[in-house]
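Working notes for the structure below.
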2 protein chains.
Amino acid sequence: MHKSRLAGFIIDCDTNDLDAAAGFWAKVLGAPVQHAADLSKSPYVELNMPAGEPYVEVQKVDHASRVHIDIESDDVDAEVVRLEKLGARRITAIKKWVVLEAPTGQRFCVVPVVSADFAARAHAWNEDK
Amino acid sequence: MHKSRLAGFIIDCDTNDLDAAAGFWAKVLGAPVQHAADLSKSPYVELNMPAGEPYVEVQKVDHASRVHIDIESDDVDAEVVRLEKLGARRITAIKKWVVLEAPTGQRFCVVPVVSADFAARAHAWNEDK
């Protein structure tokens, strides 16, 4: 048995000014940026969402801007297998996460557990069923 | 003064089988569909997300599949003005909501209040500042 849940979403921005993009979304959502962008370390800027709400990160990307969903799981590999059985297609693995594509075309990611309340709020999946 | 907050997100699907698309995302998220699709009434199927989490709806669309954010507000017009000042571009109004485009290209919507706990959790914006 493994668990998973919606962890948050990533606002993918095709931009040369990640700080400006993060600043825009921070003001839209009322969720301040956690830090200035430092592309030498990471393409992400996290926003300070209220406790209990999904995380939101603004990412610099080299493809068209979009929004994608992150699923967190205590067993990324098992979750990917579960999602593939549902019809998702595995695209690639990056560091500790896996990029999938839905039958309807949206890309989304499976990532290791991030939320403090994961155990209480996640869905348990029985692979034998 | 008006208020707004992240309400949820819409999974826009370029599909001829909205039930299948909604069923996929329901199983991904562990959030059952609330009802079968009825395109004669609505292009949306709502998923039963846990209380306190953002709402998720699966929508049949005629453009490329994507995910978009919904912002809820007790004053849609004032919120649109606020967002335009941040750099968003107003695209169109549909029924009671307004479609905007971020400087980085993502479309998103401002909708009337949906969440039961809106008043407690929303951000207050002072238009005079």
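All residue names refer to the structure tokens as shown: chains lettered A, B, ... in order, residues numbered from 1 in each chain, ligands numbered from 1 in order.
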task = Return as a PyMOL selection string the residues belonging to chain A that are within 7 Å of chain B, counting only C-alpha atoms.
result = chain A and resi 5-6+13-15+21+24+28-30+53+65-68+83+86+104-106+123
request  = Find the spatial neighbours of Tyr44 in chain A, counting only C-alpha atoms, within a cut-off of 7 Å - ignore same-chain residues fewer than 2 positions away - and output them as a list in words.
outcome  =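 In the requested format, the answer is Ser42, Glu46, Glu57, Val58, Gln59 and Lys60 of chain A.
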inquiry  = I need the residues of chain A that end up classed as strand (DSSP E) by DSSP on the backbone, written out as a count of residues only.
reply    = 50
request  = Tell me which protein, DNA and RNA residues are within 8 Å of Val33 in chain A, counting only C-alpha atoms, leaving out same-chain ones fewer than 6 positions away, and put them as a PyMOL selection string.
outcome  = chain A and resi 22-23+26+45-48
Dump C-alpha atoms for the selected residues as a CSV table (one decimal), in the first residue's frame?
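Result went into part_30.csv, see below:
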```
chain,number,residue,atom,x,y,z
A,22,ALA,CA,6.9,35.3,-9.1
A,23,GLY,CA,6.0,38.8,-7.9
A,26,ALA,CA,2.5,36.5,-5.3
A,45,VAL,CA,10.5,30.5,-6.4
A,46,GLU,CA,8.1,29.3,-3.7
A,47,LEU,CA,5.2,31.4,-2.5
A,48,ASN,CA,4.1,31.5,1.1
```
